[in-house]
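S.K.: Okay, handing you the structure first.
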Amino acid sequence: MGFKPFVTTALAIMGMAFAAQADENAKLVIDGQTMITQTKAPAFVENLDEIYSGWVFRSDETQALQLDDFDNPGFVFLDQGIDLFNTVDGSEGKSCASCHENVEDFAGLRAKMPRIKDGKLQTMEEQVNECRTTRMGAEPWKYSGSQMTAVTALISLQSRGMPVDVAVDGAAAPFWEKGKEIYYTRYGQLDLACANCHEDNYDTMIRADHLSQGQVNGFPTYRLKNAKLNSIQGRFKGCMKNVRAKPFKEGSEEFKALELYVASRGNGLSVESPSVRN
Amino acid sequence: MKKTIVAVAALLLGTSSVYAEVIAPKNVVYQDGAVSKSLTGVAGDPAAGRKAFLNRKQGNCLACHVNSDMADQPFHGEVGPSLDGVATRWSEAELRGIVSNSKKTFEGTIMPAFYIDSGYNRPLDKFAGKSILTAQQVEDIVAYLMTLKTE
């Protein structure tokens, strides 16, 4: 899928500039399990027929890294996640494992996050910090810090292969509406909305980047660019800075609502955490 | 008359009178999207314009447009149309208007406005109140675009 400018130019003259078209036939099979990387868009997504995992748009080399957990650089951090999960911290003398004996019991949680709890929208990071502060008597972790991403990756891995299925109606509805509004709002000096890049122009090249639909089913994501696990809201922050906009704060009501909305646009795609992206 | 106002405004802003001819973003006059008057009164330099077109912190036009004149550069964007032969399709005034504020020509376009300095939603502090390109960079890029003709 290498990008050749002169080929593109020739195609552009013919009225079809799609040299970097996604390989829709590529299959993501990990450990014998086939991931859903393409499926029908949920009915509430107005302008898309099909939804695609970001994996579909990556180069052959980047795609290959996710096919085998031994090649996936994100797994180094999962080992750290296991250690942290078992480490006692805080005034109550507890670790995560004191309350959650088997991390496997978290199977299915990633697919449902963010969710409504006690009338509030809650992200996985918030749930982890709630356990740390109220049950362990420990300090909260930094929202997108290395400890947090390692542990959310470990929890998310338990749902790998399950279809994303966040709730958008009932108590979630007002948050979802707010997230949707943000998704379509243009921000920054470049005056661009999430939708301008990830809905109107996915599967096209923006300079060296092959635009995906900006789905979050693979988070936390290991990025080759910064060689670490990245949180969903950390990625939102990066995209806002790229359009020269002042990002919302991680954990803010705005970013939580946006996370719910963006996650819902991926309902039906497999949880891929920890995915590999460039 | 308009010139005097611009000159006075420039003095008030503490700008040297050498630049008195520079038209501030809010004073640019659009007619059906086109801007006939030079923003600086200084002829654009196509070589400088070519550089600003490429520069990721300036025009970064290649991010969205294929341009065969830059075939040596990897990664031409596909978000906008190819700019090959663009000067055959558009006049200088139209191109100045498209680069300064393409929304006046293409309603609702995704292409950023390169010569406005207000109306931004949550701009990063260092970009607030500033245009992406300077008036002279716009003139240079327009001069460069004028070289992109199809024979």
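Ordered as shown in the structure tokens, chains take letters A, B, and onward, while each chain numbers its residues from 1 and ligands are numbered from 1 in the order shown.
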Please report, as a PyMOL selection string, each residue of stretch 12-129 of chain A to which DSSP assigns helix (DSSP H, G or I) when run on this structure's backbone.

M.R.: chain A and resi 12-13+54-57+60-65+75-86+96-99+103-106+109-112+124-129

S.K.: Include C-alpha atoms and write out the residues we just selected as a short mmCIF file (atom, residue, chain, number, x, y, z; two decimals), in the first residue's frame.

M.R.:
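Produced file out_16.cif, reproduced below:
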```cif
data_model
loop_
_atom_site.label_atom_id
_atom_site.label_comp_id
_atom_site.auth_asym_id
_atom_site.auth_seq_id
_atom_site.Cartn_x
_atom_site.Cartn_y
_atom_site.Cartn_z
CA ALA A 12 -6.22 12.22 -10.05
CA ILE A 13 -6.25 13.26 -13.68
CA GLY A 54 -8.33 2.18 12.34
CA TRP A 55 -6.28 -1.00 11.75
CA VAL A 56 -7.69 -1.21 8.20
CA PHE A 57 -5.98 2.07 7.26
CA ASP A 60 1.09 -3.55 5.97
CA GLU A 61 4.03 -3.31 8.38
CA THR A 62 2.02 -1.63 11.13
CA GLN A 63 -0.89 -4.02 10.61
CA ALA A 64 1.44 -7.01 10.96
CA LEU A 65 2.56 -5.91 14.44
CA PHE A 75 2.38 -6.12 25.50
CA VAL A 76 5.51 -4.89 27.27
CA PHE A 77 3.22 -2.46 29.07
CA LEU A 78 0.66 -5.16 29.83
CA ASP A 79 3.28 -6.89 31.96
CA GLN A 80 3.63 -3.65 33.89
CA GLY A 81 -0.16 -3.55 34.13
CA ILE A 82 -0.21 -7.01 35.74
CA ASP A 83 2.41 -5.90 38.29
CA LEU A 84 0.48 -2.74 39.11
CA PHE A 85 -2.74 -4.72 39.40
CA ASN A 86 -1.12 -6.85 42.09
CA CYS A 96 -6.66 -4.12 42.69
CA ALA A 97 -6.33 -7.89 43.01
CA SER A 98 -7.52 -7.77 46.64
CA CYS A 99 -11.02 -6.99 45.35
CA VAL A 103 -8.66 -9.92 36.01
CA GLU A 104 -10.54 -12.11 33.49
CA ASP A 105 -13.72 -11.18 35.33
CA PHE A 106 -13.48 -7.82 33.58
CA LEU A 109 -16.31 -4.11 30.52
CA ARG A 110 -14.29 -2.30 27.82
CA ALA A 111 -17.08 -2.85 25.31
CA LYS A 112 -19.52 -0.96 27.55
CA MET A 124 -12.70 3.46 32.66
CA GLU A 125 -9.98 5.78 33.96
CA GLU A 126 -12.45 7.30 36.41
CA GLN A 127 -13.55 3.87 37.61
CA VAL A 128 -9.93 2.90 38.25
CA ASN A 129 -9.25 6.09 40.17
#
```

S.K.: Show me which bits of chain A are within 6 Å of chain B, counting only C-alpha atoms, as a VMD selection string.

M.R.: chain A and resid 187 to 190 204 to 208 244 to 246

S.K.: Which residues are near stretch 248-250 of chain A? Cut-off 8 Å, only C-alpha atoms, ignore same chain within fewer than 6 positions. Put them as a ChimeraX atom specification.

M.R.: /A:143-144,233-234,237

S.K.: Take the residues just selected and output them with all heavy atoms as an mmCIF file, in the first residue's frame.

M.R.:
```cif
data_model
loop_
_atom_site.group_PDB
_atom_site.id
_atom_site.type_symbol
_atom_site.label_atom_id
_atom_site.label_comp_id
_atom_site.auth_asym_id
_atom_site.auth_seq_id
_atom_site.Cartn_x
_atom_site.Cartn_y
_atom_site.Cartn_z
ATOM 1 N N TYR A 143 -4.436 10.933 34.602
ATOM 2 C CA TYR A 143 -5.464 10.424 33.693
ATOM 3 C C TYR A 143 -4.901 9.565 32.550
ATOM 4 O O TYR A 143 -5.420 8.501 32.240
ATOM 5 C CB TYR A 143 -6.295 11.574 33.109
ATOM 6 C CG TYR A 143 -7.612 11.098 32.557
ATOM 7 C CD1 TYR A 143 -8.751 11.057 33.354
ATOM 8 C CD2 TYR A 143 -7.717 10.640 31.253
ATOM 9 C CE1 TYR A 143 -9.954 10.581 32.870
ATOM 10 C CE2 TYR A 143 -8.919 10.158 30.755
ATOM 11 C CZ TYR A 143 -10.035 10.130 31.557
ATOM 12 O OH TYR A 143 -11.219 9.650 31.076
ATOM 13 N N SER A 144 -3.843 10.055 31.897
ATOM 14 C CA SER A 144 -3.274 9.292 30.781
ATOM 15 C C SER A 144 -1.839 8.875 31.074
ATOM 16 O O SER A 144 -1.056 8.636 30.161
ATOM 17 C CB SER A 144 -3.314 10.123 29.492
ATOM 18 O OG SER A 144 -4.643 10.389 29.124
ATOM 19 N N GLN A 233 -8.626 9.884 25.400
ATOM 20 C CA GLN A 233 -8.706 11.347 25.495
ATOM 21 C C GLN A 233 -7.367 12.011 25.209
ATOM 22 O O GLN A 233 -7.326 13.163 24.769
ATOM 23 C CB GLN A 233 -9.274 11.739 26.861
ATOM 24 C CG GLN A 233 -10.726 11.243 26.980
ATOM 25 C CD GLN A 233 -11.447 11.754 28.217
ATOM 26 O OE1 GLN A 233 -11.005 12.692 28.863
ATOM 27 N NE2 GLN A 233 -12.574 11.146 28.533
ATOM 28 N N GLY A 234 -6.272 11.275 25.405
ATOM 29 C CA GLY A 234 -4.961 11.806 25.003
ATOM 30 C C GLY A 234 -4.922 11.993 23.493
ATOM 31 O O GLY A 234 -4.367 12.965 22.978
ATOM 32 N N LYS A 237 -6.932 15.004 22.485
ATOM 33 C CA LYS A 237 -6.137 16.198 22.755
ATOM 34 C C LYS A 237 -5.178 16.477 21.591
ATOM 35 O O LYS A 237 -5.069 17.606 21.119
ATOM 36 C CB LYS A 237 -5.303 15.924 24.014
ATOM 37 C CG LYS A 237 -5.283 17.028 25.014
ATOM 38 C CD LYS A 237 -4.674 16.508 26.312
ATOM 39 C CE LYS A 237 -3.505 17.361 26.735
ATOM 40 N NZ LYS A 237 -2.969 16.917 28.049
#
```

S.K.: Show me, as a PyMOL selection string, the residues that have an atom within 8 Å of A:Met136 when counting only C-alpha atoms, minus same-chain residues fewer than 5 positions from it.

M.R.: chain A and resi 89-95+131

S.K.: Save out the residues we just selected, N, CA and C atoms, as a short mmCIF file (atom, residue, chain, number, x, y, z; two decimals), in the first residue's frame.

M.R.:
```cif
data_model
loop_
_atom_site.label_atom_id
_atom_site.label_comp_id
_atom_site.auth_asym_id
_atom_site.auth_seq_id
_atom_site.Cartn_x
_atom_site.Cartn_y
_atom_site.Cartn_z
N ASP A 89 -1.17 -0.66 47.53
CA ASP A 89 -0.89 0.79 47.58
C ASP A 89 -1.97 1.44 48.43
N GLY A 90 -1.61 2.53 49.13
CA GLY A 90 -2.63 3.28 49.87
C GLY A 90 -2.84 2.82 51.30
N SER A 91 -3.68 3.56 52.02
CA SER A 91 -3.86 3.38 53.47
C SER A 91 -4.58 2.08 53.85
N GLU A 92 -5.30 1.47 52.89
CA GLU A 92 -6.08 0.28 53.25
C GLU A 92 -5.32 -1.03 53.06
N GLY A 93 -4.09 -0.92 52.58
CA GLY A 93 -3.27 -2.13 52.38
C GLY A 93 -3.82 -3.06 51.31
N LYS A 94 -4.39 -2.48 50.29
CA LYS A 94 -4.99 -3.31 49.24
C LYS A 94 -4.37 -3.06 47.86
N SER A 95 -4.51 -4.06 47.01
CA SER A 95 -4.18 -3.90 45.58
C SER A 95 -5.48 -4.06 44.81
N CYS A 131 -11.70 3.41 42.48
CA CYS A 131 -11.26 2.28 43.30
C CYS A 131 -10.02 2.66 44.11
#
```

S.K.: Can you tell me, as an MDAnalysis selection string, which residues in stretch 64-196 of chain A count as strand (DSSP E or B) by DSSP?

M.R.: chainID A and resid 89 94 115:117 120:122 163 187 192

S.K.: Restricting the calculation to only C-alpha atoms: of A:Ala153, A:Val88, A:Ala22, A:Val166, which residue gets closest to A:Ser59?

M.R.: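 The answer is A:Ala22, which sits nearest to A:Ser59.
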
S.K.: Which is closer to B:Asp140 than all the others in B:Asp32, B:Pro25, B:Ala48, B:Gly41, using only C-alpha atoms?

M.R.: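 Selected residue with least distance to B:Asp140: B:Ala48.
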
S.K.: Show which residues sit within 6 Å of stretch 92-97 of chain B, as a list in words. Count only C-alpha atoms, and ignore same-chain residues fewer than 3 positions away.

M.R.: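 The contact residues come out as Gly33, Ala34, Val35, Ser36, Ser100, Asn101 and Val142 of chain B.
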
S.K.: Store the residues picked out above in a file with N, CA, C and O atoms, as a compact mmCIF listing (two decimals), in the first residue's frame.

M.R.:
```
# COMPACT_ATOMS: atom_id res chain seq x y z
N GLY B 33 -16.10 36.26 -3.66
CA GLY B 33 -14.99 35.41 -3.23
C GLY B 33 -13.63 35.89 -3.69
O GLY B 33 -12.61 35.48 -3.16
N ALA B 34 -13.59 36.78 -4.68
CA ALA B 34 -12.30 37.22 -5.23
C ALA B 34 -11.80 38.49 -4.53
O ALA B 34 -12.59 39.30 -4.05
N VAL B 35 -10.48 38.65 -4.48
CA VAL B 35 -9.87 39.84 -3.88
C VAL B 35 -8.95 40.44 -4.94
O VAL B 35 -7.90 39.89 -5.27
N SER B 36 -9.36 41.57 -5.50
CA SER B 36 -8.59 42.11 -6.63
C SER B 36 -7.36 42.89 -6.17
O SER B 36 -6.35 42.94 -6.86
N SER B 100 -6.92 33.51 0.90
CA SER B 100 -7.20 34.35 2.06
C SER B 100 -8.36 33.80 2.89
O SER B 100 -8.26 33.69 4.11
N ASN B 101 -9.44 33.47 2.22
CA ASN B 101 -10.59 32.89 2.92
C ASN B 101 -11.45 32.12 1.92
O ASN B 101 -12.37 32.67 1.31
N VAL B 142 0.13 33.20 -3.87
CA VAL B 142 -0.69 33.49 -5.06
C VAL B 142 0.23 33.62 -6.29
O VAL B 142 -0.08 33.06 -7.35
```

S.K.: Out of B:Ser102, B:Gly108, B:Gly49, B:Gln58, which residue has the shortest atom-to-atom distance to B:Tyr144 when counting only C-alpha atoms?

M.R.: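 Counting only C-alpha atoms, the residue closest to B:Tyr144 is B:Gly49.
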
S.K.: Out of A:Asp71, A:Ala263, A:Val271, A:His198, which residue has the shortest atom-to-atom distance to A:Gln33 when counting only C-alpha atoms?

M.R.: A:Val271

S.K.: Using atom CA of B:Thr88 and atom CA of B:Lys149 as the two end points, give the distance in Å to one decimal.

M.R.: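 It comes out at 5.3 Å.
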